[in-house]
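Asker: PDB, C-alpha atoms, saved as final.pdb, coming up:
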MODEL        1
ATOM      1  CA  MET A   1       0.000   0.000   0.000  1.00  0.00           C
ATOM      2  CA  ASN A   2       1.480   3.337  -0.999  1.00  0.00           C
ATOM      3  CA  GLY A   3       0.529   6.654   0.483  1.00  0.00           C
ATOM      4  CA  VAL A   4       1.097  10.118  -0.896  1.00  0.00           C
ATOM      5  CA  LYS A   5       3.114  12.591   1.101  1.00  0.00           C
ATOM      6  CA  ASN A   6       3.934  16.049  -0.238  1.00  0.00           C
ATOM      7  CA  GLY A   7       3.336  14.977  -3.851  1.00  0.00           C
ATOM      8  CA  SER A   8       5.627  11.914  -3.736  1.00  0.00           C
ATOM      9  CA  SER A   9       4.650   8.325  -3.116  1.00  0.00           C
ATOM     10  CA  VAL A  10       5.567   6.811   0.247  1.00  0.00           C
ATOM     11  CA  ASP A  11       5.896   3.080   0.886  1.00  0.00           C
ATOM     12  CA  SER A  12       3.725   2.538   3.951  1.00  0.00           C
ATOM     13  CA  SER A  13       4.405  -1.213   4.048  1.00  0.00           C
ATOM     14  CA  LYS A  14       7.508  -0.540   6.178  1.00  0.00           C
ATOM     15  CA  TRP A  15       5.612   1.486   8.735  1.00  0.00           C
ATOM     16  CA  ARG A  16       5.320   0.111  12.251  1.00  0.00           C
ATOM     17  CA  VAL A  17       1.980   0.958  13.826  1.00  0.00           C
ATOM     18  CA  ASN A  18       1.274   0.721  17.560  1.00  0.00           C
ATOM     19  CA  GLU A  19      -2.348   1.365  18.394  1.00  0.00           C
ATOM     20  CA  THR A  20      -4.142   1.178  21.721  1.00  0.00           C
ATOM     21  CA  PRO A  21      -7.951   1.211  21.721  1.00  0.00           C
ATOM     22  CA  GLN A  22      -9.423   3.965  23.861  1.00  0.00           C
ATOM     23  CA  ASP A  23     -10.975   2.912  27.171  1.00  0.00           C
ATOM     24  CA  CYS A  24     -12.489   5.591  29.402  1.00  0.00           C
ATOM     25  CA  GLY A  25     -13.707   3.101  31.989  1.00  0.00           C
ATOM     26  CA  LEU A  26     -13.373   3.419  35.745  1.00  0.00           C
ATOM     27  CA  VAL A  27      -9.886   1.909  36.196  1.00  0.00           C
ATOM     28  CA  PRO A  28      -8.137   3.971  33.463  1.00  0.00           C
ATOM     29  CA  SER A  29      -9.946   7.093  34.736  1.00  0.00           C
ATOM     30  CA  ILE A  30      -8.647   6.452  38.261  1.00  0.00           C
ATOM     31  CA  ALA A  31      -5.114   5.999  36.893  1.00  0.00           C
ATOM     32  CA  VAL A  32      -5.260   9.302  34.986  1.00  0.00           C
ATOM     33  CA  SER A  33      -6.641  11.024  38.091  1.00  0.00           C
ATOM     34  CA  LEU A  34      -3.729   9.687  40.142  1.00  0.00           C
ATOM     35  CA  TRP A  35      -1.304  10.868  37.464  1.00  0.00           C
ATOM     36  CA  LEU A  36      -2.707  14.331  36.743  1.00  0.00           C
ATOM     37  CA  GLY A  37      -5.070  14.952  39.642  1.00  0.00           C
ATOM     38  CA  TRP A  38      -2.668  15.088  42.580  1.00  0.00           C
ATOM     39  CA  ASN A  39      -1.994  18.801  41.954  1.00  0.00           C
ATOM     40  CA  GLY A  40      -5.671  19.533  42.467  1.00  0.00           C
ATOM     41  CA  ILE A  41      -5.749  17.463  45.636  1.00  0.00           C
ATOM     42  CA  VAL A  42      -2.790  19.371  47.094  1.00  0.00           C
ATOM     43  CA  LEU A  43      -4.392  22.705  46.163  1.00  0.00           C
ATOM     44  CA  CYS A  44      -7.676  21.675  47.802  1.00  0.00           C
ATOM     45  CA  LEU A  45      -5.854  20.575  50.956  1.00  0.00           C
ATOM     46  CA  VAL A  46      -3.980  23.875  51.190  1.00  0.00           C
ATOM     47  CA  LEU A  47      -7.167  25.906  50.670  1.00  0.00           C
ATOM     48  CA  TYR A  48      -8.983  23.769  53.237  1.00  0.00           C
ATOM     49  CA  ALA A  49      -6.132  24.220  55.712  1.00  0.00           C
ATOM     50  CA  ILE A  50      -6.045  27.989  55.230  1.00  0.00           C
ATOM     51  CA  ILE A  51      -9.778  28.704  55.138  1.00  0.00           C
ATOM     52  CA  LEU A  52     -11.756  25.992  56.936  1.00  0.00           C
ATOM     53  CA  ALA A  53      -9.526  23.765  59.056  1.00  0.00           C
ATOM     54  CA  ASN A  54      -9.170  24.045  62.788  1.00  0.00           C
ATOM     55  CA  SER A  55      -5.675  24.276  64.253  1.00  0.00           C
ATOM     56  CA  LEU A  56      -5.275  20.496  64.697  1.00  0.00           C
ATOM     57  CA  HIS A  57      -6.207  19.734  61.062  1.00  0.00           C
ATOM     58  CA  ARG A  58      -4.015  22.594  59.838  1.00  0.00           C
ATOM     59  CA  THR A  59      -1.050  21.260  61.830  1.00  0.00           C
ATOM     60  CA  VAL A  60      -1.538  17.717  60.511  1.00  0.00           C
ATOM     61  CA  ILE A  61      -1.874  18.841  56.864  1.00  0.00           C
ATOM     62  CA  PHE A  62       1.128  21.160  56.856  1.00  0.00           C
ATOM     63  CA  GLY A  63       3.117  18.703  58.990  1.00  0.00           C
ATOM     64  CA  LEU A  64       2.571  15.877  56.482  1.00  0.00           C
ATOM     65  CA  MET A  65       3.455  18.201  53.592  1.00  0.00           C
ATOM     66  CA  THR A  66       6.667  19.220  55.357  1.00  0.00           C
ATOM     67  CA  LEU A  67       7.452  15.579  56.159  1.00  0.00           C
ATOM     68  CA  SER A  68       7.042  14.669  52.475  1.00  0.00           C
ATOM     69  CA  LEU A  69       9.803  17.178  51.647  1.00  0.00           C
ATOM     70  CA  LEU A  70      12.183  15.322  53.957  1.00  0.00           C
ATOM     71  CA  LEU A  71      11.659  11.900  52.365  1.00  0.00           C
ATOM     72  CA  PRO A  72      14.581  10.456  50.396  1.00  0.00           C
ATOM     73  CA  PRO A  73      14.494  10.985  46.599  1.00  0.00           C
ATOM     74  CA  ASP A  74      14.047   7.260  45.907  1.00  0.00           C
ATOM     75  CA  PHE A  75      10.959   6.985  48.169  1.00  0.00           C
ATOM     76  CA  PRO A  76       8.882   4.733  47.817  1.00  0.00           C
ATOM     77  CA  GLY A  77      11.374   2.687  45.778  1.00  0.00           C
ATOM     78  CA  LYS A  78      10.168  -0.333  43.794  1.00  0.00           C
ATOM     79  CA  ALA A  79       6.557   0.121  44.895  1.00  0.00           C
ATOM     80  CA  GLY A  80       6.584   3.623  43.406  1.00  0.00           C
ATOM     81  CA  HIS A  81       7.959   2.340  40.101  1.00  0.00           C
ATOM     82  CA  LYS A  82       5.322  -0.396  39.972  1.00  0.00           C
ATOM     83  CA  LEU A  83       2.581   2.143  40.659  1.00  0.00           C
ATOM     84  CA  GLY A  84       3.998   4.476  37.988  1.00  0.00           C
ATOM     85  CA  ASP A  85       4.174   1.652  35.448  1.00  0.00           C
ATOM     86  CA  TRP A  86       0.569   0.685  36.193  1.00  0.00           C
ATOM     87  CA  ILE A  87      -0.539   4.318  35.827  1.00  0.00           C
ATOM     88  CA  MET A  88       1.244   4.598  32.454  1.00  0.00           C
ATOM     89  CA  LEU A  89      -0.340   1.381  31.124  1.00  0.00           C
ATOM     90  CA  LYS A  90      -3.831   2.435  32.204  1.00  0.00           C
ATOM     91  CA  ALA A  91      -3.393   6.029  31.027  1.00  0.00           C
ATOM     92  CA  GLU A  92      -2.300   4.729  27.607  1.00  0.00           C
ATOM     93  CA  GLN A  93      -5.647   2.912  27.448  1.00  0.00           C
ATOM     94  CA  TYR A  94      -7.511   6.023  28.576  1.00  0.00           C
ATOM     95  CA  PHE A  95      -6.055   8.222  25.821  1.00  0.00           C
ATOM     96  CA  GLY A  96      -6.147   5.531  23.100  1.00  0.00           C
ATOM     97  CA  LEU A  97      -2.929   6.456  21.299  1.00  0.00           C
ATOM     98  CA  LYS A  98      -1.661   5.508  17.869  1.00  0.00           C
ATOM     99  CA  THR A  99       2.030   5.683  16.962  1.00  0.00           C
ATOM    100  CA  ILE A 100       3.300   5.303  13.405  1.00  0.00           C
ATOM    101  CA  ILE A 101       7.028   4.909  12.829  1.00  0.00           C
ATOM    102  CA  GLU A 102       7.627   5.448   9.120  1.00  0.00           C
ATOM    103  CA  ASP A 103      11.275   4.393   8.859  1.00  0.00           C
ATOM    104  CA  GLU A 104      12.377   2.376  11.877  1.00  0.00           C
ATOM    105  CA  GLU A 105      15.662   1.265  10.309  1.00  0.00           C
ATOM    106  CA  GLY A 106      16.621   4.845   9.500  1.00  0.00           C
ATOM    107  CA  LEU A 107      15.586   5.967  12.954  1.00  0.00           C
ATOM    108  CA  LEU A 108      17.754   3.335  14.638  1.00  0.00           C
ATOM    109  CA  LYS A 109      20.662   4.113  12.302  1.00  0.00           C
ATOM    110  CA  TYR A 110      20.620   7.840  12.966  1.00  0.00           C
ATOM    111  CA  SER A 111      19.905   7.525  16.679  1.00  0.00           C
ATOM    112  CA  GLU A 112      23.383   6.058  17.136  1.00  0.00           C
ATOM    113  CA  GLU A 113      25.093   8.801  15.136  1.00  0.00           C
ATOM    114  CA  LYS A 114      23.154  12.048  15.593  1.00  0.00           C
ATOM    115  CA  ALA A 115      20.562  13.751  17.723  1.00  0.00           C
ATOM    116  CA  ILE A 116      17.022  13.266  16.433  1.00  0.00           C
ATOM    117  CA  ILE A 117      14.084  15.645  16.450  1.00  0.00           C
ATOM    118  CA  TYR A 118      10.693  13.990  16.847  1.00  0.00           C
ATOM    119  CA  ALA A 119       7.589  15.547  15.322  1.00  0.00           C
ATOM    120  CA  PHE A 120       4.107  14.990  16.673  1.00  0.00           C
ATOM    121  CA  SER A 121       0.839  15.758  14.976  1.00  0.00           C
ATOM    122  CA  PRO A 122      -1.357  17.278  16.235  1.00  0.00           C
ATOM    123  CA  HIS A 123       0.958  19.491  18.208  1.00  0.00           C
ATOM    124  CA  ASP A 124       0.597  20.341  21.895  1.00  0.00           C
ATOM    125  CA  MET A 125      -0.629  16.913  22.903  1.00  0.00           C
ATOM    126  CA  LEU A 126       0.268  16.556  26.565  1.00  0.00           C
ATOM    127  CA  PRO A 127       0.172  12.798  26.918  1.00  0.00           C
ATOM    128  CA  PHE A 128       1.745  11.669  23.659  1.00  0.00           C
ATOM    129  CA  GLY A 129       5.287  12.854  24.377  1.00  0.00           C
ATOM    130  CA  VAL A 130       5.144  11.162  27.764  1.00  0.00           C
ATOM    131  CA  PHE A 131       3.910   7.894  26.279  1.00  0.00           C
ATOM    132  CA  ALA A 132       6.080   7.840  23.161  1.00  0.00           C
ATOM    133  CA  PHE A 133       9.311   7.682  25.150  1.00  0.00           C
ATOM    134  CA  ASN A 134       8.192   5.632  28.152  1.00  0.00           C
ATOM    135  CA  PRO A 135      10.067   2.296  28.165  1.00  0.00           C
ATOM    136  CA  ILE A 136       7.248   0.360  29.865  1.00  0.00           C
ATOM    137  CA  LEU A 137       4.944   0.885  26.857  1.00  0.00           C
ATOM    138  CA  ASN A 138       7.325  -0.484  24.194  1.00  0.00           C
ATOM    139  CA  ARG A 139       6.371   2.133  21.581  1.00  0.00           C
TER     140      ARG A 139
ENDMDL
END
Could you write out this structure as structure tokens?
Answerer:
Amino acid sequence: MNGVKNGSSVDSSKWRVNETPQDCGLVPSIAVSLWLGWNGIVLCLVLYAIILANSLHRTVIFGLMTLSLLLPPDFPGKAGHKLGDWIMLKAEQYFGLKTIIEDEEGLLKYSEEKAIIYAFSPHDMLPFGVFAFNPILNR
């Protein structure tokens, strides 16, 4: 099958296509909320602590936030990596992504010799850049 790109024919038989069907079910939605939603949770906790909380709640909230700053950089270790891998797999399902690599041999050849610029279409897609280079997804 040949495609047309900028007026010239392109051999699409060499293309490698990775496609994940979209699934906006409960489990993928929870994973995306864990991935992207924690900022909102922290903001809500801070606003609650400032506006509504009594002194005990305020002390506990800000104490736990301060304690989290003192944790070692590798906290929680392997459990954190497993959770992150699970979130990436479920978020990939949630967004239903499709990756097309037009010339994998050329890509591998040049990746050893030169720096490569990757182009995404449509532009400004938040999740695609994260997923395209995540080793757990094998894209």
Asker: Work out how far apart CA of Asp11 in chain A and CA of Asn138 in chain A are and give it in Å to one decimal.
Answerer: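 Interatomic distance, CA of Asp11 in chain A to CA of Asn138 in chain A: 23.6 Å.
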Asker: Work out how far CA of Leu36 in chain A is from CA of Ala132 in chain A, in Å to one decimal.
Answerer: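 Interatomic distance, CA of Ala132 in chain A to CA of Leu36 in chain A: 17.4 Å.
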Asker: CA of Pro21 in chain A and CA of Trp86 in chain A, how far apart in Å?
Answerer: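 If I compute the distance from CA of Trp86 in chain A to CA of Pro21 in chain A, I get 16.8 Å.
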Asker: Using only C-alpha atoms for the distances, tell me which of A:Leu34, A:Val27, A:Ile61, A:Ile87 is nearest to Leu47 in chain A.
Answerer: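 Distance minimum relative to Leu47 in chain A lands on A:Ile61.
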Asker: Report the closest atom pair, with its distance in Å rounded to one decimal, for each residue of range 27-54 of chain A that has an atom no farther than 8 Å from range 92-115 of chain A; count all atoms listed in the file, sort by chain and then rising residue number, and write it as a tab-separated table.
Answerer:
residue	atom	partner	partner_atom	distance
A:Pro28	CA	A:Tyr94	CA	5.3
A:Ser29	CA	A:Tyr94	CA	6.7
A:Val32	CA	A:Tyr94	CA	7.5
Asker: Set up a box along x, y and z of the file covering all listed atoms of range 62-73 of chain A, add 5 Å on every one of the six sides, and write the centre and edge lengths in Å to one decimal, as AutoDock Vina command-line options.
Answerer:
--center_x 7.9 --center_y 15.8 --center_z 52.8 --size_x 23.5 --size_y 20.7 --size_z 22.4
Asker: Kindly indicate which residue among A:Ile136, A:Ser68, A:Asn54, A:Ala91 lies nearest to Thr20 in chain A, using all atoms listed in the file for the distances.
Answerer: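 Counting all atoms listed in the file, the residue closest to Thr20 in chain A is A:Ala91.
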Asker: With all atoms listed in the file as the atoms that count, which of A:Phe133, A:Phe62, A:Trp35, A:Tyr118 lies nearest to Ala49 in chain A?
Answerer: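 Checking each of A:Phe133, A:Phe62, A:Trp35, A:Tyr118 against Ala49 in chain A, counting all atoms listed in the file, the winner is A:Phe62.
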